[in-house]
>>> print(open('my_file.pdb').read())   # PDB, C-alpha atoms, pLDDT in the B column
ATOM      1  CA  MET A   1      -8.339  -0.477  28.975  1.00 58.00           C
ATOM      2  CA  THR A   2      -5.548   0.726  26.755  1.00 73.00           C
ATOM      3  CA  SER A   3      -2.734   2.139  28.842  1.00 80.00           C
ATOM      4  CA  PRO A   4      -1.345   5.598  27.973  1.00 79.00           C
ATOM      5  CA  LEU A   5       1.934   4.058  26.832  1.00 82.00           C
ATOM      6  CA  LEU A   6       0.230   1.623  24.448  1.00 82.00           C
ATOM      7  CA  ALA A   7      -2.037   4.372  23.159  1.00 84.00           C
ATOM      8  CA  GLY A   8       1.005   6.585  22.612  1.00 86.00           C
ATOM      9  CA  VAL A   9       2.832   3.865  20.679  1.00 86.00           C
ATOM     10  CA  LEU A  10      -0.198   3.210  18.489  1.00 88.00           C
ATOM     11  CA  LEU A  11      -0.776   6.907  17.862  1.00 90.00           C
ATOM     12  CA  ALA A  12       2.897   7.391  16.984  1.00 90.00           C
ATOM     13  CA  GLY A  13       2.632   4.545  14.469  1.00 90.00           C
ATOM     14  CA  ALA A  14      -0.546   6.043  13.010  1.00 91.00           C
ATOM     15  CA  THR A  15       1.221   9.415  12.691  1.00 92.00           C
ATOM     16  CA  ALA A  16       4.158   7.834  10.874  1.00 92.00           C
ATOM     17  CA  LEU A  17       1.805   6.017   8.480  1.00 92.00           C
ATOM     18  CA  VAL A  18      -0.091   9.238   7.743  1.00 93.00           C
ATOM     19  CA  ALA A  19       3.200  10.993   6.956  1.00 92.00           C
ATOM     20  CA  LEU A  20       4.229   8.156   4.612  1.00 90.00           C
ATOM     21  CA  ALA A  21       0.814   8.235   2.902  1.00 90.00           C
ATOM     22  CA  ALA A  22       1.300  11.962   2.325  1.00 90.00           C
ATOM     23  CA  LEU A  23       4.572  11.127   0.577  1.00 89.00           C
ATOM     24  CA  VAL A  24       2.770   8.573  -1.618  1.00 88.00           C
ATOM     25  CA  LEU A  25       0.380  11.356  -2.642  1.00 89.00           C
ATOM     26  CA  GLY A  26       3.405  12.952  -4.322  1.00 84.00           C
ATOM     27  CA  ARG A  27       3.330  10.041  -6.778  1.00 82.00           C
ATOM     28  CA  VAL A  28      -0.374  10.721  -7.405  1.00 84.00           C
ATOM     29  CA  VAL A  29       0.559  14.270  -8.388  1.00 86.00           C
ATOM     30  CA  ARG A  30       3.603  13.374 -10.515  1.00 81.00           C
ATOM     31  CA  GLY A  31       2.094  10.424 -12.365  1.00 73.00           C
ATOM     32  CA  PRO A  32       3.268  10.182 -15.095  1.00 79.00           C
ATOM     33  CA  THR A  33       0.566   7.709 -16.209  1.00 78.00           C
ATOM     34  CA  THR A  34      -2.930   6.994 -14.910  1.00 79.00           C
ATOM     35  CA  PRO A  35      -2.105   3.466 -13.622  1.00 81.00           C
ATOM     36  CA  ASP A  36       0.659   5.037 -11.505  1.00 84.00           C
ATOM     37  CA  ARG A  37      -1.887   7.328  -9.916  1.00 85.00           C
ATOM     38  CA  VAL A  38      -4.446   4.562  -9.371  1.00 85.00           C
ATOM     39  CA  VAL A  39      -1.872   2.307  -7.697  1.00 87.00           C
ATOM     40  CA  ALA A  40      -0.756   5.185  -5.481  1.00 88.00           C
ATOM     41  CA  VAL A  41      -4.350   6.001  -4.484  1.00 88.00           C
ATOM     42  CA  ASN A  42      -4.863   2.305  -3.683  1.00 89.00           C
ATOM     43  CA  VAL A  43      -1.814   2.391  -1.397  1.00 90.00           C
ATOM     44  CA  VAL A  44      -3.072   5.537   0.333  1.00 91.00           C
ATOM     45  CA  GLY A  45      -6.419   3.810   0.926  1.00 91.00           C
ATOM     46  CA  THR A  46      -4.744   0.726   2.409  1.00 91.00           C
ATOM     47  CA  THR A  47      -2.709   2.954   4.706  1.00 92.00           C
ATOM     48  CA  ALA A  48      -5.895   4.743   5.754  1.00 93.00           C
ATOM     49  CA  VAL A  49      -7.465   1.391   6.694  1.00 92.00           C
ATOM     50  CA  VAL A  50      -4.489   0.576   8.924  1.00 93.00           C
ATOM     51  CA  VAL A  51      -4.549   4.048  10.491  1.00 93.00           C
ATOM     52  CA  ILE A  52      -8.260   3.683  11.315  1.00 93.00           C
ATOM     53  CA  ALA A  53      -7.597   0.266  12.904  1.00 91.00           C
ATOM     54  CA  LEU A  54      -4.717   1.689  14.980  1.00 91.00           C
ATOM     55  CA  LEU A  55      -6.907   4.601  16.122  1.00 91.00           C
ATOM     56  CA  SER A  56      -9.650   2.126  17.048  1.00 90.00           C
ATOM     57  CA  ALA A  57      -7.225   0.244  19.306  1.00 88.00           C
ATOM     58  CA  ALA A  58      -5.634   3.384  20.755  1.00 87.00           C
ATOM     59  CA  LEU A  59      -8.843   5.282  21.526  1.00 87.00           C
ATOM     60  CA  ASP A  60     -10.993   2.289  22.604  1.00 84.00           C
ATOM     61  CA  GLU A  61     -13.497   2.866  19.827  1.00 83.00           C
ATOM     62  CA  PRO A  62     -14.673  -0.563  18.561  1.00 85.00           C
ATOM     63  CA  GLY A  63     -16.980   1.111  16.048  1.00 88.00           C
ATOM     64  CA  PHE A  64     -13.999   2.355  14.057  1.00 89.00           C
ATOM     65  CA  LEU A  65     -13.293  -1.208  12.933  1.00 90.00           C
ATOM     66  CA  GLU A  66     -16.519  -1.357  10.924  1.00 90.00           C
ATOM     67  CA  VAL A  67     -15.479   1.900   9.292  1.00 92.00           C
ATOM     68  CA  ALA A  68     -12.117   0.353   8.423  1.00 91.00           C
ATOM     69  CA  ILE A  69     -13.734  -2.754   6.878  1.00 92.00           C
ATOM     70  CA  VAL A  70     -16.092  -0.685   4.730  1.00 93.00           C
ATOM     71  CA  TYR A  71     -13.211   1.582   3.725  1.00 92.00           C
ATOM     72  CA  GLY A  72     -11.157  -1.412   2.652  1.00 90.00           C
ATOM     73  CA  LEU A  73     -14.012  -2.842   0.569  1.00 92.00           C
ATOM     74  CA  LEU A  74     -14.630   0.516  -1.136  1.00 93.00           C
ATOM     75  CA  ASN A  75     -10.900   0.875  -1.783  1.00 90.00           C
ATOM     76  CA  PHE A  76     -10.844  -2.490  -3.571  1.00 90.00           C
ATOM     77  CA  LEU A  77     -13.970  -1.632  -5.553  1.00 90.00           C
ATOM     78  CA  LEU A  78     -12.413   1.661  -6.653  1.00 89.00           C
ATOM     79  CA  SER A  79      -9.258  -0.025  -7.950  1.00 86.00           C
ATOM     80  CA  ILE A  80     -11.112  -2.814  -9.790  1.00 86.00           C
ATOM     81  CA  GLY A  81     -13.582  -0.329 -11.244  1.00 85.00           C
ATOM     82  CA  LEU A  82     -10.839   1.935 -12.563  1.00 81.00           C
ATOM     83  CA  ALA A  83      -8.950  -1.040 -14.011  1.00 81.00           C
ATOM     84  CA  LYS A  84     -12.043  -2.311 -15.848  1.00 80.00           C
ATOM     85  CA  PHE A  85     -12.891   1.196 -17.003  1.00 77.00           C
ATOM     86  CA  THR A  86      -9.500   1.770 -18.571  1.00 69.00           C
ATOM     87  CA  ILE A  87      -9.703  -1.588 -20.409  1.00 58.00           C
ATOM     88  CA  GLU A  88     -13.138  -0.899 -21.848  1.00 55.00           C
ATOM     89  CA  ARG A  89     -12.081   2.538 -23.005  1.00 57.00           C
ATOM     90  CA  GLY A  90      -9.286   0.859 -24.957  1.00 52.00           C
ATOM     91  CA  GLY A  91      -6.697   3.161 -23.499  1.00 47.00           C
ATOM     92  CA  VAL A  92      -5.366   4.712 -20.363  1.00 45.00           C
ATOM     93  CA  LEU A  93      -8.117   7.252 -19.745  1.00 47.00           C
TER      94      LEU A  93
ATOM     95  CA  MET B   1      22.385   8.581  39.592  1.00 45.00           C
ATOM     96  CA  ALA B   2      19.665   9.929  37.364  1.00 47.00           C
ATOM     97  CA  LEU B   3      19.565   6.645  35.471  1.00 48.00           C
ATOM     98  CA  ALA B   4      19.186   4.658  38.669  1.00 48.00           C
ATOM     99  CA  ALA B   5      16.371   6.893  39.868  1.00 45.00           C
ATOM    100  CA  ALA B   6      14.506   6.893  36.573  1.00 47.00           C
ATOM    101  CA  PRO B   7      12.651   3.563  36.841  1.00 49.00           C
ATOM    102  CA  ALA B   8      11.168   4.465  40.195  1.00 49.00           C
ATOM    103  CA  MET B   9       9.850   7.737  38.790  1.00 50.00           C
ATOM    104  CA  VAL B  10       8.004   6.083  35.917  1.00 51.00           C
ATOM    105  CA  PRO B  11       4.314   5.590  36.740  1.00 56.00           C
ATOM    106  CA  ALA B  12       3.078   2.034  36.630  1.00 53.00           C
ATOM    107  CA  GLN B  13       0.904   2.785  33.600  1.00 56.00           C
ATOM    108  CA  LEU B  14       3.959   3.827  31.555  1.00 65.00           C
ATOM    109  CA  ALA B  15       6.022   0.705  32.281  1.00 72.00           C
ATOM    110  CA  TRP B  16       7.352  -1.166  29.249  1.00 77.00           C
ATOM    111  CA  THR B  17       5.393  -4.377  29.692  1.00 82.00           C
ATOM    112  CA  PRO B  18       5.989  -7.296  27.276  1.00 81.00           C
ATOM    113  CA  THR B  19       2.752  -6.341  25.505  1.00 82.00           C
ATOM    114  CA  ALA B  20       4.007  -2.801  24.965  1.00 83.00           C
ATOM    115  CA  ILE B  21       7.312  -4.075  23.589  1.00 87.00           C
ATOM    116  CA  VAL B  22       5.558  -6.417  21.144  1.00 88.00           C
ATOM    117  CA  VAL B  23       3.207  -3.639  20.023  1.00 87.00           C
ATOM    118  CA  ALA B  24       6.109  -1.215  19.578  1.00 89.00           C
ATOM    119  CA  ALA B  25       8.016  -3.782  17.503  1.00 91.00           C
ATOM    120  CA  LEU B  26       4.979  -4.474  15.284  1.00 91.00           C
ATOM    121  CA  VAL B  27       4.291  -0.764  14.791  1.00 91.00           C
ATOM    122  CA  ALA B  28       7.957  -0.162  13.943  1.00 92.00           C
ATOM    123  CA  ALA B  29       7.873  -3.024  11.408  1.00 92.00           C
ATOM    124  CA  SER B  30       4.697  -1.578   9.873  1.00 92.00           C
ATOM    125  CA  ALA B  31       6.255   1.870   9.522  1.00 92.00           C
ATOM    126  CA  PHE B  32       9.466   0.352   8.098  1.00 93.00           C
ATOM    127  CA  PHE B  33       7.750  -1.651   5.357  1.00 92.00           C
ATOM    128  CA  SER B  34       5.492   1.285   4.504  1.00 91.00           C
ATOM    129  CA  PHE B  35       8.650   3.377   4.199  1.00 91.00           C
ATOM    130  CA  VAL B  36      10.132   0.740   1.871  1.00 91.00           C
ATOM    131  CA  ALA B  37       6.986   1.032  -0.270  1.00 89.00           C
ATOM    132  CA  VAL B  38       7.340   4.826  -0.397  1.00 89.00           C
ATOM    133  CA  VAL B  39      11.012   4.546  -1.402  1.00 89.00           C
ATOM    134  CA  GLY B  40       9.984   2.105  -4.128  1.00 87.00           C
ATOM    135  CA  PHE B  41       7.328   4.517  -5.355  1.00 86.00           C
ATOM    136  CA  TYR B  42       9.902   7.265  -5.810  1.00 86.00           C
ATOM    137  CA  ARG B  43      12.879   5.255  -7.035  1.00 84.00           C
ATOM    138  CA  LEU B  44      11.519   2.564  -9.344  1.00 83.00           C
ATOM    139  CA  PRO B  45      11.310   3.340 -13.063  1.00 83.00           C
ATOM    140  CA  ASP B  46       7.846   2.340 -14.335  1.00 83.00           C
ATOM    141  CA  VAL B  47       4.326   1.453 -13.312  1.00 81.00           C
ATOM    142  CA  TYR B  48       5.000  -2.298 -13.158  1.00 86.00           C
ATOM    143  CA  ALA B  49       7.912  -1.935 -10.751  1.00 86.00           C
ATOM    144  CA  ARG B  50       6.029   0.599  -8.658  1.00 86.00           C
ATOM    145  CA  ALA B  51       2.958  -1.646  -8.430  1.00 86.00           C
ATOM    146  CA  HIS B  52       5.312  -4.410  -7.326  1.00 87.00           C
ATOM    147  CA  ALA B  53       6.551  -2.204  -4.472  1.00 82.00           C
ATOM    148  CA  ALA B  54       2.976  -1.287  -3.583  1.00 80.00           C
ATOM    149  CA  SER B  55       1.532  -4.775  -3.569  1.00 86.00           C
ATOM    150  CA  LYS B  56       4.313  -6.419  -1.556  1.00 89.00           C
ATOM    151  CA  SER B  57       5.851  -3.948   0.889  1.00 90.00           C
ATOM    152  CA  GLU B  58       2.675  -2.017   1.531  1.00 90.00           C
ATOM    153  CA  THR B  59       0.595  -5.162   2.152  1.00 91.00           C
ATOM    154  CA  LEU B  60       3.171  -6.516   4.590  1.00 92.00           C
ATOM    155  CA  GLY B  61       3.324  -3.155   6.392  1.00 91.00           C
ATOM    156  CA  ALA B  62      -0.471  -3.078   6.630  1.00 92.00           C
ATOM    157  CA  LEU B  63      -0.544  -6.610   8.074  1.00 93.00           C
ATOM    158  CA  PHE B  64       2.028  -5.647  10.732  1.00 93.00           C
ATOM    159  CA  GLY B  65      -0.049  -2.586  11.650  1.00 91.00           C
ATOM    160  CA  LEU B  66      -3.233  -4.633  11.954  1.00 92.00           C
ATOM    161  CA  ALA B  67      -1.351  -7.193  14.067  1.00 91.00           C
ATOM    162  CA  ALA B  68      -0.260  -4.398  16.412  1.00 89.00           C
ATOM    163  CA  ALA B  69      -3.878  -3.321  16.806  1.00 88.00           C
ATOM    164  CA  GLY B  70      -4.894  -6.963  17.306  1.00 88.00           C
ATOM    165  CA  VAL B  71      -2.469  -7.383  20.199  1.00 87.00           C
ATOM    166  CA  VAL B  72      -3.974  -4.365  21.959  1.00 86.00           C
ATOM    167  CA  VAL B  73      -7.733  -4.871  21.527  1.00 84.00           C
ATOM    168  CA  GLY B  74      -9.531  -6.561  24.382  1.00 76.00           C
ATOM    169  CA  THR B  75     -12.588  -8.404  23.139  1.00 84.00           C
ATOM    170  CA  THR B  76     -12.888 -11.387  20.815  1.00 85.00           C
ATOM    171  CA  GLY B  77     -15.293  -9.518  18.564  1.00 85.00           C
ATOM    172  CA  GLU B  78     -12.776  -6.783  17.849  1.00 85.00           C
ATOM    173  CA  LEU B  79     -10.079  -9.388  17.253  1.00 89.00           C
ATOM    174  CA  PHE B  80     -12.352 -11.198  14.797  1.00 90.00           C
ATOM    175  CA  LYS B  81     -12.980  -7.977  12.883  1.00 89.00           C
ATOM    176  CA  LEU B  82      -9.245  -7.252  12.765  1.00 90.00           C
ATOM    177  CA  VAL B  83      -8.509 -10.751  11.419  1.00 92.00           C
ATOM    178  CA  LEU B  84     -11.237 -10.225   8.826  1.00 91.00           C
ATOM    179  CA  LEU B  85      -9.647  -6.878   7.932  1.00 92.00           C
ATOM    180  CA  ALA B  86      -6.200  -8.480   7.653  1.00 92.00           C
ATOM    181  CA  LEU B  87      -7.539 -11.178   5.296  1.00 93.00           C
ATOM    182  CA  LEU B  88      -9.286  -8.462   3.281  1.00 91.00           C
ATOM    183  CA  VAL B  89      -6.068  -6.455   2.928  1.00 91.00           C
ATOM    184  CA  LEU B  90      -4.057  -9.586   2.155  1.00 91.00           C
ATOM    185  CA  VAL B  91      -6.387 -10.637  -0.671  1.00 91.00           C
ATOM    186  CA  THR B  92      -7.517  -7.324  -2.157  1.00 89.00           C
ATOM    187  CA  GLY B  93      -4.261  -5.331  -2.134  1.00 86.00           C
ATOM    188  CA  PRO B  94      -2.239  -7.482  -4.556  1.00 88.00           C
ATOM    189  CA  THR B  95      -5.381  -8.303  -6.564  1.00 88.00           C
ATOM    190  CA  ALA B  96      -6.154  -4.638  -7.130  1.00 88.00           C
ATOM    191  CA  ALA B  97      -2.547  -3.894  -8.104  1.00 86.00           C
ATOM    192  CA  HIS B  98      -2.605  -6.866 -10.503  1.00 87.00           C
ATOM    193  CA  ALA B  99      -5.840  -5.684 -12.122  1.00 86.00           C
ATOM    194  CA  ILE B 100      -4.518  -2.155 -12.606  1.00 84.00           C
ATOM    195  CA  VAL B 101      -1.225  -3.372 -14.037  1.00 84.00           C
ATOM    196  CA  ARG B 102      -2.966  -5.789 -16.417  1.00 83.00           C
ATOM    197  CA  SER B 103      -5.180  -2.988 -17.684  1.00 81.00           C
ATOM    198  CA  ALA B 104      -2.042  -0.887 -18.191  1.00 79.00           C
ATOM    199  CA  TYR B 105      -0.464  -3.749 -20.167  1.00 80.00           C
ATOM    200  CA  ASP B 106      -3.589  -4.220 -22.287  1.00 78.00           C
ATOM    201  CA  ALA B 107      -3.537  -0.488 -22.959  1.00 73.00           C
ATOM    202  CA  GLY B 108      -0.039  -0.839 -24.405  1.00 70.00           C
ATOM    203  CA  THR B 109       2.337   0.357 -21.690  1.00 72.00           C
ATOM    204  CA  GLU B 110       5.764  -1.068 -22.477  1.00 75.00           C
ATOM    205  CA  PRO B 111       7.683  -2.513 -19.500  1.00 76.00           C
ATOM    206  CA  TRP B 112      10.901  -0.716 -18.615  1.00 78.00           C
ATOM    207  CA  THR B 113      14.118  -2.372 -19.769  1.00 77.00           C
ATOM    208  CA  HIS B 114      17.793  -1.540 -19.386  1.00 74.00           C
ATOM    209  CA  ASP B 115      17.763  -0.036 -22.878  1.00 71.00           C
ATOM    210  CA  ASP B 116      15.467   2.711 -21.620  1.00 62.00           C
ATOM    211  CA  GLU B 117      17.888   3.703 -18.906  1.00 60.00           C
ATOM    212  CA  ASP B 118      19.990   6.138 -20.935  1.00 56.00           C
ATOM    213  CA  GLU B 119      17.237   7.912 -22.810  1.00 53.00           C
ATOM    214  CA  ALA B 120      14.785   8.075 -19.913  1.00 50.00           C
ATOM    215  CA  GLY B 121      17.286   9.885 -17.711  1.00 47.00           C
ATOM    216  CA  GLY B 122      15.603   9.626 -14.321  1.00 46.00           C
ATOM    217  CA  THR B 123      13.167   7.756 -12.157  1.00 46.00           C
ATOM    218  CA  ASP B 124      10.253   9.419 -13.929  1.00 47.00           C
ATOM    219  CA  GLY B 125      11.113   7.892 -17.294  1.00 43.00           C
ATOM    220  CA  ASP B 126       8.043   7.593 -19.477  1.00 45.00           C
ATOM    221  CA  ALA B 127       7.498   3.844 -19.693  1.00 45.00           C
ATOM    222  CA  THR B 128       5.123   4.187 -22.646  1.00 45.00           C
ATOM    223  CA  VAL B 129       8.047   5.138 -24.918  1.00 43.00           C
ATOM    224  CA  ALA B 130       9.141   1.925 -26.578  1.00 43.00           C
ATOM    225  CA  THR B 131      12.674   1.536 -27.881  1.00 44.00           C
ATOM    226  CA  ASP B 132      11.421   0.271 -31.240  1.00 42.00           C
ATOM    227  CA  GLY B 133       8.918   3.118 -31.508  1.00 40.00           C
ATOM    228  CA  GLY B 134       6.028   0.655 -31.312  1.00 39.00           C
ATOM    229  CA  GLN B 135       2.595   2.119 -30.711  1.00 40.00           C
ATOM    230  CA  SER B 136      -0.118   0.489 -28.664  1.00 42.00           C
ATOM    231  CA  ALA B 137      -1.800  -0.996 -31.749  1.00 42.00           C
ATOM    232  CA  ASP B 138       1.444  -2.648 -32.861  1.00 43.00           C
ATOM    233  CA  HIS B 139       1.959  -3.887 -29.366  1.00 44.00           C
ATOM    234  CA  ALA B 140      -1.498  -5.445 -29.211  1.00 43.00           C
ATOM    235  CA  SER B 141      -1.109  -7.122 -32.599  1.00 42.00           C
ATOM    236  CA  SER B 142       2.283  -8.527 -31.636  1.00 43.00           C
ATOM    237  CA  VAL B 143       0.721  -9.977 -28.511  1.00 43.00           C
ATOM    238  CA  ASP B 144      -1.996 -11.585 -30.629  1.00 43.00           C
ATOM    239  CA  ASP B 145       0.611 -13.030 -32.997  1.00 42.00           C
ATOM    240  CA  ALA B 146       2.497 -14.505 -30.094  1.00 42.00           C
ATOM    241  CA  GLU B 147      -0.631 -16.147 -28.788  1.00 42.00           C
ATOM    242  CA  VAL B 148      -1.529 -17.555 -32.211  1.00 40.00           C
ATOM    243  CA  SER B 149       1.932 -18.969 -32.793  1.00 39.00           C
ATOM    244  CA  ARG B 150       1.781 -20.632 -29.426  1.00 36.00           C
TER     245      ARG B 150
END
>>> encode(input="my_file.pdb", output="structure tokens")
Amino acid sequence: MTSPLLAGVLLAGATALVALAALVLGRVVRGPTTPDRVVAVNVVGTTAVVVIALLSAALDEPGFLEVAIVYGLLNFLLSIGLAKFTIERGGVL
Amino acid sequence: MALAAAPAMVPAQLAWTPTAIVVAALVAASAFFSFVAVVGFYRLPDVYARAHAASKSETLGALFGLAAAGVVVGTTGELFKLVLLALLVLVTGPTAAHAIVRSAYDAGTEPWTHDDEDEAGGTDGDATVATDGGQSADHASSVDDAEVSR
């Protein structure tokens, strides 16, 4: 199965992506507008999908991939829903 | 002497095989493009430019990360799911950013221009402040006029 070196490389990459996603959360806090925050949350979700896929490969857990697919679909639905919601409200929330 | 002895001391499982090198390169590329996206998020002036950084750099970084996982996984089923995931990310990431940005434009957010540079005074410049003082209603009506005249 996955050798310790490969698992270490994948886990290091997942760690780096988590750290970068934490930095993107700073944009969620600072804004300044709602679309900024929604785009940043969308990026954090995409990064989470990649991290789950990397963990699936590193830890030999094939079931994690289904979790990643569902997470990606929900992430897309969240962004589209928020975009439609802000249009129908006639303003940026 | 220590350098010469080092390869013999490395266990066989920790050897840098071609697979490990490819995976390390893909993971490094993923982290690099994600870092570019983060830099764009902090440095670029308004929501349109930041969504641009998100939908391009971040999607490419995600695809590199999924490719790294795809090189490692053993079975065809897992590889199929990873390809499906990559297509999902490739299609939905830019689409979601486009939808959000279009809703921001319909809500009256003015794109950043060079004229805003002096008064904004920073990367957090409020992009909704228009140089001509136009409000969202004026903006919407001007868009309608442009479409009618076309």
>>> interface_residues(input="my_file.pdb", of="chain B", to="chain A", cutoff="6 Å", atoms="all atoms listed in the file", output="count of residues only")
13
>>> resolve_selection(input="my_file.pdb", expression="the PyMOL selection byres ((chain B and resi 32) around 10)", output="list in words")
Ala16 and Leu17 of chain A; Leu26, Val27, Ala28, Ala29, Ser30, Ala31, Phe33, Ser34, Phe35, Val36, Ala37, Val38, Ser57, Glu58, Leu60, Gly61 and Phe64 of chain B
>>> axis_aligned_box(input="my_file.pdb", around="region 71-82 of chain B", padding_each_side="3 Å", output="lines of an AutoDock Vina configuration file")
center_x = -8.9
center_y = -7.9
center_z = 18.6
size_x = 18.8
size_y = 13.0
size_z = 17.6
>>> closest_residue(input="my_file.pdb", among="B:Leu63, B:Ala68, B:Tyr105, B:Gly74", to="Leu88 (chain B)", atoms="all atoms listed in the file")
B:Leu63
>>> closest_residue(input="my_file.pdb", among="B:Ala104, B:His98, B:Gly65, B:Leu84", to="Ala24 (chain B)", atoms="all atoms listed in the file")
B:Gly65
>>> residues_around(input="my_file.pdb", residues="Val83 (chain B)", least_positions_apart="3", cutoff="10 Å", atoms="all atoms listed in the file", output="VMD selection string")
chain B and resid 63 66 to 67 70 77 to 80 86 to 89
>>> atom_distance(input="my_file.pdb", atom1="CA of Tyr42 (chain B)", atom2="CA of Pro111 (chain B)")
17.0 Å
>>> atom_distance(input="my_file.pdb", atom1="CA of Ala97 (chain B)", atom2="CA of Pro45 (chain B)")
16.4 Å
>>> atom_distance(input="my_file.pdb", atom1="CA of Tyr48 (chain B)", atom2="CA of Thr109 (chain B)")
9.3 Å
